[in-house]
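Below is one structure, written out as structure tokens, with a few remarks after it.
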Amino acid sequence: MLFRVAPGSGVPLAEQIAGSVRRALTDGALSPGDRLPAARELAGTLDVNMHTVLRAYAALREEGLIELRRGRGAVVTGQIPHERARVIESVREFVTAARRAGVGLDEAVALLRQQYSREVSA
């Protein structure tokens with residue numbers, strides 16, 4: 001699995017790392033039971049702080065995409081379908097684009113609600 005980070009992108013490094021995992025899940029490059037690299041190893045490979053990798057892994061755990069197991073590291077779960085991983089990634093991309101465009105949280109939520117109601121009523 002290929003992890004990439006772009007330090008100057010404006011997107012936090014932990015989010016970029018988590019996004020790499022989400023994309024790999026969406027693309028089918030990762031499957032339930034697959035192990036992710038150890039945080040220390042990945043941090044060294046990407047030349048980032050180990051706590052940055054741990055933040056990414058914690059976010060993925062909160063989303064139900066991975067389990068953190070003592071002695072086994074980060075393991076991909078089978079609990080979240082790929083469709084949900086795609087939705088989570090799309091929402092994160094939306095938030096990033098909204099921030100770059102100067103769209104505030106209230107306006108972003110209103111846009112999302114507006115689009116959601118259009119899709120439901122269509």
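Going by the structure tokens order, chains are called A, B, ..., each with residues numbered from 1, while ligands are numbered from 1 in the order shown.
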- Message: If DSSP is run on the backbone, what residues of chain A are alpha helix (DSSP H)? A reply as JSON, numbers by chain would be ideal.
- Response: {"A": [13, 14, 15, 16, 17, 18, 19, 20, 21, 22, 23, 24, 25, 26, 27, 39, 40, 41, 42, 43, 44, 45, 46, 50, 51, 52, 53, 54, 55, 56, 57, 58, 59, 60, 61, 62, 82, 83, 84, 85, 86, 87, 88, 89, 90, 91, 92, 93, 94, 95, 96, 97, 98, 99, 100, 105, 106, 107, 108, 109, 110, 111, 112, 113, 114, 115, 116, 117, 118, 119, 120, 121]}
Contacts between region 7-28 of chain A and region 34-121 of chain A, please, where a residue of region 34-121 of chain A counts if it comes within 9 Å (with only C-alpha atoms); show its shortest atom pair and distance in Å to one decimal, rows by chain and ascending number, as a tab-separated table.
residue	atom	partner	partner_atom	distance
A:Leu36	CA	A:Val21	CA	8.7
A:Val48	CA	A:Leu13	CA	8.1
A:His51	CA	A:Ala14	CA	8.8
A:Thr52	CA	A:Ala14	CA	5.2
A:Val53	CA	A:Ala14	CA	6.0
A:Leu54	CA	A:Ala14	CA	8.0
A:Arg55	CA	A:Ala14	CA	6.0
A:Ala56	CA	A:Ala14	CA	4.6
A:Tyr57	CA	A:Ala18	CA	6.8
A:Ala59	CA	A:Ala18	CA	7.3
A:Leu60	CA	A:Ala18	CA	6.5
A:Leu65	CA	A:Arg22	CA	8.1
A:Val76	CA	A:Leu25	CA	8.9
A:His82	CA	A:Thr26	CA	5.4
A:Glu83	CA	A:Thr26	CA	7.4
A:Arg84	CA	A:Thr26	CA	9.0
A:Ala85	CA	A:Arg22	CA	6.0
A:Arg86	CA	A:Thr26	CA	5.9
A:Ile88	CA	A:Arg22	CA	8.1
A:Glu89	CA	A:Arg22	CA	6.5
A:Arg92	CA	A:Gly19	CA	8.4
A:Thr96	CA	A:Val11	CA	7.2
A:Arg100	CA	A:Gly10	CA	8.8
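Relative to CA of Val95 (chain A), CA of Pro32 (chain A) is found at 27.3 Å.
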Neighbour list for Arg35 (chain A) as a PyMOL selection string, cut-off 8 Å, only C-alpha atoms, skip fewer than 6 positions in-chain: chain A and resi 72-76
Output for the residues just chosen: C-alpha atoms as a compact mmCIF listing (two decimals), in the first residue's frame:
# COMPACT_ATOMS: atom_id res chain seq x y z
CA ARG A 72 -0.66 -6.94 16.14
CA GLY A 73 -0.83 -3.23 15.32
CA ALA A 74 -3.48 -1.67 13.11
CA VAL A 75 -5.73 -4.20 11.37
CA VAL A 76 -8.43 -3.40 8.80
Go through A:Ala29, A:Ala39, A:Met50, A:Val87 one by one, measure the shortest atom-to-atom distance of each to Glu63 (chain A) using only C-alpha atoms, and give the residue with the smallest value.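 Distance minimum relative to Glu63 (chain A) lands on A:Val87.
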